[in-house]
>>> print(open('query_33.pdb').read())   # PDB, C-alpha atoms
MODEL        1
ATOM      1  CA  MET P   1     -50.504 -29.851-204.407
ATOM      2  CA  ILE P   2     -50.244 -26.622-202.374
ATOM      3  CA  GLN P   3     -48.552 -27.149-199.008
ATOM      4  CA  PRO P   4     -50.391 -25.534-196.067
ATOM      5  CA  GLN P   5     -48.552 -22.637-194.470
ATOM      6  CA  LEU P   6     -47.343 -23.277-190.925
ATOM      7  CA  SER P   7     -47.495 -19.723-189.608
ATOM      8  CA  PHE P   8     -49.801 -16.731-189.770
ATOM      9  CA  ASP P   9     -49.183 -13.016-189.377
ATOM     10  CA  GLY P  10     -52.096 -10.661-189.939
ATOM     11  CA  ASP P  11     -55.694  -9.712-189.190
ATOM     12  CA  PRO P  12     -57.606 -12.576-187.481
ATOM     13  CA  ASN P  13     -60.917 -11.396-188.913
ATOM     14  CA  GLY P  14     -60.331 -11.938-192.628
ATOM     15  CA  GLN P  15     -60.547 -14.795-195.137
ATOM     16  CA  ALA P  16     -56.794 -15.420-195.048
ATOM     17  CA  TYR P  17     -56.941 -16.191-191.340
ATOM     18  CA  GLU P  18     -59.977 -18.482-191.672
ATOM     19  CA  ARG P  19     -58.306 -20.290-194.582
ATOM     20  CA  TRP P  20     -55.191 -20.839-192.464
ATOM     21  CA  ARG P  21     -57.265 -22.167-189.526
ATOM     22  CA  GLU P  22     -59.033 -24.619-191.819
ATOM     23  CA  GLN P  23     -56.108 -25.780-193.970
ATOM     24  CA  PHE P  24     -53.426 -26.060-191.303
ATOM     25  CA  CYS P  25     -54.943 -26.042-187.802
ATOM     26  CA  ARG P  26     -57.960 -28.251-188.418
ATOM     27  CA  GLN P  27     -56.894 -30.449-191.330
ATOM     28  CA  VAL P  28     -53.194 -30.909-190.534
ATOM     29  CA  ALA P  29     -52.741 -30.337-186.790
ATOM     30  CA  ASP P  30     -56.169 -31.656-185.669
ATOM     31  CA  VAL P  31     -56.738 -28.586-183.473
ATOM     32  CA  ASP P  32     -58.422 -25.217-183.753
ATOM     33  CA  PHE P  33     -56.620 -22.014-182.875
ATOM     34  CA  VAL P  34     -58.088 -18.955-181.161
ATOM     35  CA  PRO P  35     -56.237 -15.605-180.851
ATOM     36  CA  ILE P  36     -55.155 -14.237-177.473
ATOM     37  CA  GLY P  37     -56.717 -10.821-176.888
ATOM     38  CA  GLU P  38     -57.447  -8.258-179.592
ATOM     39  CA  GLY P  39     -55.523  -7.080-182.627
ATOM     40  CA  ARG P  40     -53.094  -8.615-185.068
ATOM     41  CA  VAL P  41     -52.153 -12.306-184.792
ATOM     42  CA  HIS P  42     -48.506 -13.265-185.115
ATOM     43  CA  ARG P  43     -48.427 -17.045-184.966
ATOM     44  CA  THR P  44     -45.199 -18.944-185.610
ATOM     45  CA  ILE P  45     -45.008 -22.734-185.550
ATOM     46  CA  SER P  46     -41.683 -24.563-185.616
ATOM     47  CA  PRO P  47     -42.341 -28.309-185.933
ATOM     48  CA  ALA P  48     -39.798 -31.116-185.633
ATOM     49  CA  ILE P  49     -40.754 -34.667-186.592
ATOM     50  CA  LEU P  50     -38.890 -37.443-184.760
ATOM     51  CA  PRO P  51     -39.394 -41.225-185.085
ATOM     52  CA  ARG P  52     -41.280 -41.599-181.769
ATOM     53  CA  LEU P  53     -42.737 -38.150-181.188
ATOM     54  CA  ARG P  54     -43.571 -34.802-182.725
ATOM     55  CA  LEU P  55     -42.278 -31.521-181.333
ATOM     56  CA  SER P  56     -43.678 -28.044-181.908
ATOM     57  CA  ALA P  57     -42.925 -24.588-180.538
ATOM     58  CA  SER P  58     -45.696 -22.003-180.942
ATOM     59  CA  PHE P  59     -48.137 -19.753-179.084
ATOM     60  CA  GLY P  60     -51.878 -19.138-178.899
ATOM     61  CA  THR P  61     -55.015 -20.948-177.715
ATOM     62  CA  PHE P  62     -55.621 -24.477-178.947
ATOM     63  CA  VAL P  63     -58.980 -26.228-179.000
ATOM     64  CA  SER P  64     -58.920 -29.986-179.703
ATOM     65  CA  LEU P  65     -61.153 -31.436-182.411
ATOM     66  CA  GLY P  66     -61.091 -34.817-180.645
ATOM     67  CA  THR P  67     -59.494 -36.717-183.539
ATOM     68  CA  ASN P  68     -55.966 -37.235-182.204
ATOM     69  CA  ASP P  69     -55.045 -40.288-180.134
ATOM     70  CA  GLU P  70     -51.741 -39.020-178.757
ATOM     71  CA  LEU P  71     -50.908 -37.511-175.402
ATOM     72  CA  VAL P  72     -49.195 -34.135-175.443
ATOM     73  CA  ILE P  73     -46.587 -32.943-172.950
ATOM     74  CA  THR P  74     -46.812 -29.150-172.798
ATOM     75  CA  VAL P  75     -44.831 -26.368-171.159
ATOM     76  CA  SER P  76     -44.848 -22.601-171.582
ATOM     77  CA  PRO P  77     -41.560 -21.240-170.177
ATOM     78  CA  ASN P  78     -42.703 -17.600-170.006
ATOM     79  CA  SER P  79     -46.413 -17.802-169.274
ATOM     80  CA  ALA P  80     -48.839 -19.641-167.040
ATOM     81  CA  LEU P  81     -51.221 -22.029-168.803
ATOM     82  CA  SER P  82     -54.969 -22.219-168.369
ATOM     83  CA  GLY P  83     -57.674 -24.416-169.855
ATOM     84  CA  ALA P  84     -59.579 -27.649-169.403
ATOM     85  CA  MET P  85     -59.269 -31.291-170.445
ATOM     86  CA  GLY P  86     -62.887 -32.339-170.462
ATOM     87  CA  ARG P  87     -64.097 -31.949-166.864
ATOM     88  CA  ARG P  88     -60.575 -31.447-165.521
ATOM     89  CA  PRO P  89     -59.556 -27.789-165.080
ATOM     90  CA  LEU P  90     -55.992 -26.992-166.062
ATOM     91  CA  GLU P  91     -53.942 -24.306-164.275
ATOM     92  CA  VAL P  92     -50.174 -24.550-164.623
ATOM     93  CA  ALA P  93     -47.494 -22.033-163.608
ATOM     94  CA  ALA P  94     -44.948 -20.723-166.111
ATOM     95  CA  GLY P  95     -42.124 -23.223-166.569
ATOM     96  CA  ASP P  96     -44.071 -26.185-165.175
ATOM     97  CA  VAL P  97     -45.188 -29.093-167.349
ATOM     98  CA  THR P  98     -48.585 -30.656-167.938
ATOM     99  CA  ILE P  99     -50.077 -33.511-169.963
ATOM    100  CA  GLY P 100     -52.900 -32.800-172.391
ATOM    101  CA  ASP P 101     -55.340 -35.187-174.051
ATOM    102  CA  PRO P 102     -56.210 -34.036-177.593
ATOM    103  CA  SER P 103     -58.606 -36.971-178.022
ATOM    104  CA  ILE P 104     -61.111 -35.025-175.855
ATOM    105  CA  LYS P 105     -63.210 -32.880-178.178
ATOM    106  CA  GLY P 106     -63.266 -29.297-176.960
ATOM    107  CA  ALA P 107     -60.231 -29.725-174.687
ATOM    108  CA  HIS P 108     -58.409 -26.409-174.703
ATOM    109  CA  ILE P 109     -55.251 -24.800-173.396
ATOM    110  CA  THR P 110     -53.863 -21.279-173.646
ATOM    111  CA  GLN P 111     -51.168 -19.033-172.259
ATOM    112  CA  THR P 112     -52.522 -16.408-169.879
ATOM    113  CA  THR P 113     -50.031 -13.963-171.436
ATOM    114  CA  HIS P 114     -48.018 -14.062-174.648
ATOM    115  CA  GLY P 115     -45.334 -16.740-174.578
ATOM    116  CA  ASN P 116     -44.282 -19.932-176.312
ATOM    117  CA  PHE P 117     -45.845 -23.356-176.181
ATOM    118  CA  GLN P 118     -43.413 -26.248-176.307
ATOM    119  CA  THR P 119     -45.233 -29.471-177.038
ATOM    120  CA  ALA P 120     -44.219 -33.086-177.533
ATOM    121  CA  LEU P 121     -46.897 -35.406-178.887
ATOM    122  CA  LEU P 122     -46.300 -39.029-177.862
ATOM    123  CA  PRO P 123     -48.207 -42.137-179.025
ATOM    124  CA  ARG P 124     -50.727 -42.935-176.301
ATOM    125  CA  LYS P 125     -50.228 -46.720-176.373
ATOM    126  CA  ALA P 126     -46.442 -46.507-176.154
ATOM    127  CA  LEU P 127     -46.595 -43.976-173.336
ATOM    128  CA  LEU P 128     -49.135 -46.004-171.341
ATOM    129  CA  ARG P 129     -47.033 -49.160-171.713
ATOM    130  CA  ALA P 130     -44.155 -47.294-170.101
ATOM    131  CA  CYS P 131     -46.256 -45.204-167.675
ATOM    132  CA  PRO P 132     -49.643 -46.797-166.898
ATOM    133  CA  ASN P 133     -50.446 -43.769-164.701
ATOM    134  CA  ALA P 134     -49.943 -41.181-167.476
ATOM    135  CA  GLU P 135     -53.675 -40.579-168.025
ATOM    136  CA  ASP P 136     -54.145 -39.966-164.279
ATOM    137  CA  LEU P 137     -51.795 -36.959-164.612
ATOM    138  CA  ILE P 138     -53.712 -35.239-167.426
ATOM    139  CA  ALA P 139     -54.182 -31.514-166.607
ATOM    140  CA  GLN P 140     -52.033 -31.793-163.475
ATOM    141  CA  SER P 141     -48.850 -29.796-162.924
ATOM    142  CA  ILE P 142     -45.379 -31.382-163.013
ATOM    143  CA  PRO P 143     -42.837 -29.031-161.378
ATOM    144  CA  GLY P 144     -40.354 -27.619-163.874
ATOM    145  CA  ALA P 145     -37.707 -27.304-161.143
ATOM    146  CA  ASN P 146     -37.590 -31.082-160.712
ATOM    147  CA  PRO P 147     -34.119 -32.264-161.893
ATOM    148  CA  ILE P 148     -35.528 -34.810-164.369
ATOM    149  CA  THR P 149     -37.988 -32.228-165.727
ATOM    150  CA  SER P 150     -35.195 -29.685-166.134
ATOM    151  CA  MET P 151     -33.145 -32.250-168.016
ATOM    152  CA  TYR P 152     -36.122 -33.143-170.240
ATOM    153  CA  LEU P 153     -36.639 -29.465-171.105
ATOM    154  CA  ARG P 154     -32.961 -28.901-171.935
ATOM    155  CA  TYR P 155     -32.846 -32.011-174.110
ATOM    156  CA  TYR P 156     -36.119 -30.962-175.767
ATOM    157  CA  ASP P 157     -34.491 -27.678-176.814
ATOM    158  CA  LEU P 158     -31.523 -29.529-178.304
ATOM    159  CA  ALA P 159     -33.733 -32.034-180.140
ATOM    160  CA  HIS P 160     -35.976 -29.301-181.536
ATOM    161  CA  ALA P 161     -33.032 -27.170-182.664
ATOM    162  CA  TYR P 162     -31.047 -29.932-184.395
ATOM    163  CA  ALA P 163     -33.659 -32.459-185.593
ATOM    164  CA  ASP P 164     -33.398 -31.349-189.228
ATOM    165  CA  LYS P 165     -29.581 -31.635-189.174
ATOM    166  CA  LEU P 166     -29.293 -35.221-187.896
ATOM    167  CA  ALA P 167     -28.805 -38.438-189.824
ATOM    168  CA  PRO P 168     -31.610 -41.050-189.448
ATOM    169  CA  ALA P 169     -29.692 -43.154-186.899
ATOM    170  CA  GLU P 170     -28.843 -40.068-184.850
ATOM    171  CA  LEU P 171     -32.443 -38.852-185.021
ATOM    172  CA  ASP P 172     -33.683 -42.233-183.833
ATOM    173  CA  ALA P 173     -31.327 -42.137-180.836
ATOM    174  CA  VAL P 174     -32.321 -38.566-179.888
ATOM    175  CA  SER P 175     -35.993 -39.503-180.170
ATOM    176  CA  GLN P 176     -35.516 -42.515-177.894
ATOM    177  CA  HIS P 177     -33.594 -40.453-175.345
ATOM    178  CA  LEU P 178     -36.280 -37.762-175.231
ATOM    179  CA  PHE P 179     -39.000 -40.404-174.862
ATOM    180  CA  ASP P 180     -37.009 -41.999-172.018
ATOM    181  CA  LEU P 181     -36.717 -38.656-170.224
ATOM    182  CA  ALA P 182     -40.445 -38.060-170.694
ATOM    183  CA  VAL P 183     -41.411 -41.365-169.076
ATOM    184  CA  LEU P 184     -38.988 -40.785-166.187
ATOM    185  CA  MET P 185     -40.502 -37.332-165.682
ATOM    186  CA  ILE P 186     -44.040 -38.733-165.699
ATOM    187  CA  GLY P 187     -43.146 -41.558-163.330
ATOM    188  CA  ALA P 188     -42.057 -44.822-164.959
ATOM    189  CA  ARG P 189     -41.276 -47.607-162.498
ATOM    190  CA  GLY P 190     -39.355 -50.871-162.354
ATOM    191  CA  ASP P 191     -37.553 -52.255-165.392
ATOM    192  CA  VAL P 192     -38.961 -49.547-167.677
ATOM    193  CA  ALA P 193     -37.539 -46.798-165.481
ATOM    194  CA  GLU P 194     -34.168 -48.534-165.207
ATOM    195  CA  GLU P 195     -33.934 -48.949-168.978
ATOM    196  CA  ALA P 196     -34.905 -45.293-169.502
ATOM    197  CA  ARG P 197     -32.258 -44.194-166.995
ATOM    198  CA  MET P 198     -29.593 -46.229-168.766
ATOM    199  CA  ARG P 199     -30.457 -44.682-172.133
ATOM    200  CA  GLY P 200     -32.154 -41.308-171.979
ATOM    201  CA  LEU P 201     -30.915 -39.994-168.661
ATOM    202  CA  ALA P 202     -27.297 -40.882-169.403
ATOM    203  CA  ALA P 203     -27.466 -39.233-172.833
ATOM    204  CA  ALA P 204     -29.094 -36.085-171.457
ATOM    205  CA  ARG P 205     -26.570 -35.791-168.620
ATOM    206  CA  LEU P 206     -23.715 -36.072-171.101
ATOM    207  CA  GLU P 207     -25.234 -33.372-173.336
ATOM    208  CA  THR P 208     -25.672 -31.134-170.286
ATOM    209  CA  LEU P 209     -22.020 -31.640-169.352
ATOM    210  CA  LYS P 210     -20.914 -30.850-172.898
ATOM    211  CA  SER P 211     -23.035 -27.698-172.915
ATOM    212  CA  ASP P 212     -21.498 -26.506-169.641
ATOM    213  CA  ILE P 213     -17.986 -27.262-170.884
ATOM    214  CA  LEU P 214     -18.557 -25.242-174.079
ATOM    215  CA  ALA P 215     -19.822 -22.314-172.001
ATOM    216  CA  GLN P 216     -16.584 -22.338-169.963
ATOM    217  CA  LEU P 217     -14.016 -23.208-172.634
ATOM    218  CA  ASP P 218     -12.053 -19.975-172.202
ATOM    219  CA  SER P 219     -11.935 -20.252-168.414
ATOM    220  CA  PRO P 220      -8.714 -21.431-166.744
ATOM    221  CA  ALA P 221     -10.933 -22.647-163.896
ATOM    222  CA  LEU P 222     -12.626 -25.300-166.072
ATOM    223  CA  SER P 223     -11.774 -28.682-164.578
ATOM    224  CA  LEU P 224     -13.215 -32.054-163.669
ATOM    225  CA  ALA P 225     -13.431 -30.906-160.046
ATOM    226  CA  VAL P 226     -15.500 -27.828-160.977
ATOM    227  CA  LEU P 227     -17.879 -29.862-163.160
ATOM    228  CA  SER P 228     -18.113 -32.564-160.513
ATOM    229  CA  ALA P 229     -19.198 -30.049-157.871
ATOM    230  CA  ALA P 230     -21.656 -28.299-160.201
ATOM    231  CA  HIS P 231     -23.356 -31.531-161.293
ATOM    232  CA  ARG P 232     -23.027 -33.353-157.964
ATOM    233  CA  ILE P 233     -21.361 -36.396-159.474
ATOM    234  CA  SER P 234     -17.836 -37.713-159.009
ATOM    235  CA  PRO P 235     -15.004 -36.835-161.406
ATOM    236  CA  ARG P 236     -14.663 -40.538-162.273
ATOM    237  CA  THR P 237     -18.356 -40.711-163.220
ATOM    238  CA  ILE P 238     -17.855 -37.821-165.629
ATOM    239  CA  GLN P 239     -14.869 -39.587-167.169
ATOM    240  CA  LEU P 240     -16.867 -42.810-167.554
ATOM    241  CA  MET P 241     -19.770 -40.987-169.225
ATOM    242  CA  PHE P 242     -17.416 -39.617-171.886
ATOM    243  CA  GLU P 243     -15.637 -42.960-172.295
ATOM    244  CA  GLN P 244     -18.944 -44.757-172.829
ATOM    245  CA  ALA P 245     -19.617 -42.294-175.669
ATOM    246  CA  GLY P 246     -16.304 -43.236-177.295
ATOM    247  CA  ILE P 247     -14.246 -40.186-176.240
ATOM    248  CA  THR P 248     -12.351 -38.980-173.177
ATOM    249  CA  TYR P 249     -13.141 -35.901-171.125
ATOM    250  CA  SER P 250      -9.740 -34.337-171.792
ATOM    251  CA  GLY P 251      -9.945 -35.241-175.472
ATOM    252  CA  PHE P 252     -13.338 -33.559-175.805
ATOM    253  CA  VAL P 253     -12.141 -30.366-174.098
ATOM    254  CA  LEU P 254      -8.979 -30.208-176.212
ATOM    255  CA  GLU P 255     -10.861 -30.806-179.470
ATOM    256  CA  GLN P 256     -13.440 -28.121-178.701
ATOM    257  CA  ARG P 257     -10.757 -25.600-177.748
ATOM    258  CA  LEU P 258      -8.814 -26.292-180.939
ATOM    259  CA  LEU P 259     -11.954 -25.953-183.060
ATOM    260  CA  ARG P 260     -12.763 -22.655-181.349
ATOM    261  CA  ALA P 261      -9.213 -21.383-181.936
ATOM    262  CA  GLU P 262      -9.418 -22.327-185.607
ATOM    263  CA  ARG P 263     -12.731 -20.467-186.002
ATOM    264  CA  LEU P 264     -11.317 -17.397-184.260
ATOM    265  CA  LEU P 265      -8.206 -17.385-186.467
ATOM    266  CA  ARG P 266     -10.424 -17.404-189.569
ATOM    267  CA  ASN P 267     -12.608 -14.573-188.273
ATOM    268  CA  PRO P 268     -11.750 -11.419-190.309
ATOM    269  CA  ASN P 269     -12.842  -9.213-187.411
ATOM    270  CA  LEU P 270     -10.068 -10.669-185.215
ATOM    271  CA  ARG P 271      -7.117 -10.374-187.602
ATOM    272  CA  THR P 272      -5.519  -7.633-185.507
ATOM    273  CA  ARG P 273      -5.542  -9.814-182.386
ATOM    274  CA  LYS P 274      -2.282 -11.523-181.491
ATOM    275  CA  ILE P 275      -2.010 -15.307-181.654
ATOM    276  CA  ILE P 276      -1.492 -15.404-177.883
ATOM    277  CA  GLU P 277      -4.823 -13.562-177.430
ATOM    278  CA  ILE P 278      -6.586 -16.049-179.697
ATOM    279  CA  ALA P 279      -5.101 -18.897-177.678
ATOM    280  CA  HIS P 280      -6.440 -17.391-174.439
ATOM    281  CA  LEU P 281      -9.883 -16.812-175.965
ATOM    282  CA  ALA P 282      -9.996 -20.513-176.868
ATOM    283  CA  GLY P 283      -8.967 -21.550-173.350
ATOM    284  CA  PHE P 284      -5.246 -22.217-173.865
ATOM    285  CA  HIS P 285      -3.022 -20.610-171.263
ATOM    286  CA  ASP P 286       0.178 -22.428-172.238
ATOM    287  CA  VAL P 287       0.981 -20.922-175.646
ATOM    288  CA  SER P 288       3.732 -23.407-176.498
ATOM    289  CA  TYR P 289       1.322 -26.301-175.870
ATOM    290  CA  PHE P 290      -1.314 -24.528-177.967
ATOM    291  CA  HIS P 291       1.039 -24.282-180.970
ATOM    292  CA  ARG P 292       2.012 -27.967-180.723
ATOM    293  CA  ALA P 293      -1.558 -29.205-180.309
ATOM    294  CA  PHE P 294      -2.865 -26.962-183.098
ATOM    295  CA  ARG P 295      -0.268 -28.170-185.580
ATOM    296  CA  ARG P 296      -0.957 -31.846-184.739
ATOM    297  CA  ARG P 297      -4.708 -31.318-185.213
ATOM    298  CA  PHE P 298      -4.768 -29.195-188.394
ATOM    299  CA  GLY P 299      -1.374 -29.836-190.010
ATOM    300  CA  ARG P 300      -0.668 -26.095-190.040
ATOM    301  CA  THR P 301       0.477 -23.495-187.554
ATOM    302  CA  PRO P 302      -2.020 -20.928-186.229
ATOM    303  CA  ASP P 303      -0.238 -18.257-188.273
ATOM    304  CA  ASP P 304      -0.557 -20.394-191.442
ATOM    305  CA  VAL P 305      -4.307 -20.744-190.934
ATOM    306  CA  ARG P 306      -4.716 -17.002-190.405
ATOM    307  CA  LYS P 307      -2.687 -16.156-193.533
ATOM    308  CA  LEU P 308      -4.501 -18.729-195.671
ATOM    309  CA  SER P 309      -7.863 -17.442-194.484
ATOM    310  CA  GLY P 310      -6.826 -13.876-195.352
ATOM    311  CA  GLU P 311      -5.718 -14.886-198.850
ATOM    312  CA  MET P 312      -8.981 -16.733-199.507
ATOM    313  CA  GLY P 313     -10.964 -13.784-198.143
TER     314      GLY P 313
ENDMDL
END
>>> encode(input="query_33.pdb", output="structure tokens")
Amino acid sequence: MIQPQLSFDGDPNGQAYERWREQFCRQVADVDFVPIGEGRVHRTISPAILPRLRLSASFGTFVSLGTNDELVITVSPNSALSGAMGRRPLEVAAGDVTIGDPSIKGAHITQTTHGNFQTALLPRKALLRACPNAEDLIAQSIPGANPITSMYLRYYDLAHAYADKLAPAELDAVSQHLFDLAVLMIGARGDVAEEARMRGLAAARLETLKSDILAQLDSPALSLAVLSAAHRISPRTIQLMFEQAGITYSGFVLEQRLLRAERLLRNPNLRTRKIIEIAHLAGFHDVSYFHRAFRRRFGRTPDDVRKLSGEMG
């Protein structure tokens, strides 16, 4: 059986384009696709299938065939969105979020300029159990600057990027966390909201902290106090979040710095750099401590790792 191609790059007026619209857009994705403007179509779709939802990054104009009973959370980071969900007009600013209903035949949504769609298709029944008001928000705008929305979008990017690299149990957890963030963003209440906060919000906040730590690994200013001020939570809360994940804050920072140092020592483009420079690039500013910690972690000195890497190269 021939697998349908996900993407298209070429003339939108020929048989190849019509074949792609029929075989992928209509038969697989349950939508039709219309080009934006004139000229060549370059259409890239990057799907990610999770246990509770489907993610896809793409661009273009979608027209629903009315055969899909999911609700779709949509954002276009770089372009405003325009369209209609039945009788409801849809006008959403770039970076804001909206809910679409692909069960409405002829419902359509497009970027007003070239940009990327980011969509998450969620089972309607599951979403309505968590958020009975979800259908009332169809075609409305949810501000992207809202803290929960920002966290949802950051976690979406992580889930989409790493879905194909996760084990089934990990994928299930990521899917649940993203679903939890989605229902908090839409407006879950009561016990459902509290459960979602305990699971999805906590996981997303921890991933955000980890991301910020990795971005500052080489900085001598990286500290619990700096992170606490940036994220508006207490240093003890940060420590507890790491401990609940089975690690400590200081242990995570040390491990990431050691892993970065090891990668830098193996990099052939950095062989002329002194060990003390590598230590600083990895965030170590006490070189004696760096040597001791490195040897405990890898069973070799930094110089041994560099020499071994050079011999293997």
>>> axis_aligned_box(input="query_33.pdb", around="stretch 283-286 of chain P", padding_each_side="6 Å", output="AutoDock Vina command-line options")
--center_x -4.4 --center_y -21.5 --center_z -172.6 --size_x 21.1 --size_y 13.8 --size_z 14.6
>>> resolve_selection(input="query_33.pdb", expression="the PyMOL selection byres ((chain P and resi 34) around 7)", output="list in words")
Asp32, Phe33, Pro35, Ile36, Gly60, Thr61 and Phe62 of chain P
>>> atom_distance(input="query_33.pdb", atom1="atom CA of P:Ala221", atom2="atom CA of P:Thr208")
18.2 Å
>>> residues_near_point(input="query_33.pdb", point="(-44.4, -35.7, -176.4)", cutoff="8 Å", atoms="all atoms listed in the file", output="list in words")
Leu53, Arg54, Leu55, Leu71, Val72, Ile73, Thr74, Thr119, Ala120, Leu121, Leu122, Pro123, Phe179 and Ala182 of chain P
>>> resolve_selection(input="query_33.pdb", expression="the PyMOL selection byres ((chain P and resi 133) around 12)", output="PyMOL selection string")
chain P and resi 99+124+127-132+134-138+183-189
>>> write_last_selection(input="query_33.pdb", atoms="C-alpha atoms", output="PDB file, in the coordinates of the input")
ATOM      1  CA  ILE P  99     -50.077 -33.511-169.963  1.00  0.00           C
ATOM      2  CA  ARG P 124     -50.727 -42.935-176.301  1.00  0.00           C
ATOM      3  CA  LEU P 127     -46.595 -43.976-173.336  1.00  0.00           C
ATOM      4  CA  LEU P 128     -49.135 -46.004-171.341  1.00  0.00           C
ATOM      5  CA  ARG P 129     -47.033 -49.160-171.713  1.00  0.00           C
ATOM      6  CA  ALA P 130     -44.155 -47.294-170.101  1.00  0.00           C
ATOM      7  CA  CYS P 131     -46.256 -45.204-167.675  1.00  0.00           C
ATOM      8  CA  PRO P 132     -49.643 -46.797-166.898  1.00  0.00           C
ATOM      9  CA  ALA P 134     -49.943 -41.181-167.476  1.00  0.00           C
ATOM     10  CA  GLU P 135     -53.675 -40.579-168.025  1.00  0.00           C
ATOM     11  CA  ASP P 136     -54.145 -39.966-164.279  1.00  0.00           C
ATOM     12  CA  LEU P 137     -51.795 -36.959-164.612  1.00  0.00           C
ATOM     13  CA  ILE P 138     -53.712 -35.239-167.426  1.00  0.00           C
ATOM     14  CA  VAL P 183     -41.411 -41.365-169.076  1.00  0.00           C
ATOM     15  CA  LEU P 184     -38.988 -40.785-166.187  1.00  0.00           C
ATOM     16  CA  MET P 185     -40.502 -37.332-165.682  1.00  0.00           C
ATOM     17  CA  ILE P 186     -44.040 -38.733-165.699  1.00  0.00           C
ATOM     18  CA  GLY P 187     -43.146 -41.558-163.330  1.00  0.00           C
ATOM     19  CA  ALA P 188     -42.057 -44.822-164.959  1.00  0.00           C
ATOM     20  CA  ARG P 189     -41.276 -47.607-162.498  1.00  0.00           C
TER      21      ARG P 189
END
>>> atom_distance(input="query_33.pdb", atom1="atom CA of P:Leu65", atom2="atom CA of P:Thr110")
15.3 Å
>>> closest_residue(input="query_33.pdb", among="P:Pro102, P:Pro220, P:Gly14, P:Gly95", to="P:Ala29", atoms="all atoms listed in the file")
P:Pro102
>>> residues_around(input="query_33.pdb", residues="P:Gly10", least_positions_apart="6", cutoff="8 Å", atoms="all atoms listed in the file", output="list in words")
Tyr17, Arg40, Val41 and His42 of chain P
>>> atom_distance(input="query_33.pdb", atom1="atom CA of P:Ala161", atom2="atom CA of P:Leu206")
17.3 Å
>>> resolve_selection(input="query_33.pdb", expression="the PyMOL selection byres ((chain P and resi 222) around 12)", output="ChimeraX atom specification")
/P:209,212-221,223-230,249-250,253-254,257,283-285
>>> write_last_selection(input="query_33.pdb", atoms="C-alpha atoms", output="PDB file, in the frame of the given file")
ATOM      1  CA  LEU P 209     -22.020 -31.640-169.352  1.00  0.00           C
ATOM      2  CA  ASP P 212     -21.498 -26.506-169.641  1.00  0.00           C
ATOM      3  CA  ILE P 213     -17.986 -27.262-170.884  1.00  0.00           C
ATOM      4  CA  LEU P 214     -18.557 -25.242-174.079  1.00  0.00           C
ATOM      5  CA  ALA P 215     -19.822 -22.314-172.001  1.00  0.00           C
ATOM      6  CA  GLN P 216     -16.584 -22.338-169.963  1.00  0.00           C
ATOM      7  CA  LEU P 217     -14.016 -23.208-172.634  1.00  0.00           C
ATOM      8  CA  ASP P 218     -12.053 -19.975-172.202  1.00  0.00           C
ATOM      9  CA  SER P 219     -11.935 -20.252-168.414  1.00  0.00           C
ATOM     10  CA  PRO P 220      -8.714 -21.431-166.744  1.00  0.00           C
ATOM     11  CA  ALA P 221     -10.933 -22.647-163.896  1.00  0.00           C
ATOM     12  CA  SER P 223     -11.774 -28.682-164.578  1.00  0.00           C
ATOM     13  CA  LEU P 224     -13.215 -32.054-163.669  1.00  0.00           C
ATOM     14  CA  ALA P 225     -13.431 -30.906-160.046  1.00  0.00           C
ATOM     15  CA  VAL P 226     -15.500 -27.828-160.977  1.00  0.00           C
ATOM     16  CA  LEU P 227     -17.879 -29.862-163.160  1.00  0.00           C
ATOM     17  CA  SER P 228     -18.113 -32.564-160.513  1.00  0.00           C
ATOM     18  CA  ALA P 229     -19.198 -30.049-157.871  1.00  0.00           C
ATOM     19  CA  ALA P 230     -21.656 -28.299-160.201  1.00  0.00           C
ATOM     20  CA  TYR P 249     -13.141 -35.901-171.125  1.00  0.00           C
ATOM     21  CA  SER P 250      -9.740 -34.337-171.792  1.00  0.00           C
ATOM     22  CA  VAL P 253     -12.141 -30.366-174.098  1.00  0.00           C
ATOM     23  CA  LEU P 254      -8.979 -30.208-176.212  1.00  0.00           C
ATOM     24  CA  ARG P 257     -10.757 -25.600-177.748  1.00  0.00           C
ATOM     25  CA  GLY P 283      -8.967 -21.550-173.350  1.00  0.00           C
ATOM     26  CA  PHE P 284      -5.246 -22.217-173.865  1.00  0.00           C
ATOM     27  CA  HIS P 285      -3.022 -20.610-171.263  1.00  0.00           C
TER      28      HIS P 285
END
>>> closest_residue(input="query_33.pdb", among="P:Lys105, P:Arg296, P:Arg236, P:His160", to="P:Asn68", atoms="only C-alpha atoms")
P:Lys105
>>> residues_around(input="query_33.pdb", residues="P:Val31", least_positions_apart="3", cutoff="9 Å", atoms="only C-alpha atoms", output="VMD selection string")
chain P and resid 21 24 to 28 62 to 68 102
>>> closest_residue(input="query_33.pdb", among="P:Arg43, P:Arg260, P:Lys210, P:Arg52", to="P:His177", atoms="only C-alpha atoms")
P:Arg52
>>> residues_around(input="query_33.pdb", residues="stretch 75-92 of chain P", least_positions_apart="5", cutoff="8 Å", atoms="all atoms listed in the file", output="compact mmCIF listing (two decimals) with C-alpha atoms, in the frame of the given file")
# COMPACT_ATOMS: atom_id res chain seq x y z
CA VAL P 97 -45.19 -29.09 -167.35
CA THR P 98 -48.58 -30.66 -167.94
CA GLY P 100 -52.90 -32.80 -172.39
CA ASP P 101 -55.34 -35.19 -174.05
CA ILE P 104 -61.11 -35.02 -175.86
CA LYS P 105 -63.21 -32.88 -178.18
CA GLY P 106 -63.27 -29.30 -176.96
CA ALA P 107 -60.23 -29.72 -174.69
CA HIS P 108 -58.41 -26.41 -174.70
CA ILE P 109 -55.25 -24.80 -173.40
CA THR P 110 -53.86 -21.28 -173.65
CA GLN P 111 -51.17 -19.03 -172.26
CA THR P 112 -52.52 -16.41 -169.88
CA THR P 113 -50.03 -13.96 -171.44
CA HIS P 114 -48.02 -14.06 -174.65
CA GLY P 115 -45.33 -16.74 -174.58
CA ASN P 116 -44.28 -19.93 -176.31
CA PHE P 117 -45.84 -23.36 -176.18
CA GLN P 118 -43.41 -26.25 -176.31
CA THR P 119 -45.23 -29.47 -177.04
CA ILE P 138 -53.71 -35.24 -167.43
CA ALA P 139 -54.18 -31.51 -166.61
CA GLN P 140 -52.03 -31.79 -163.48
CA SER P 141 -48.85 -29.80 -162.92
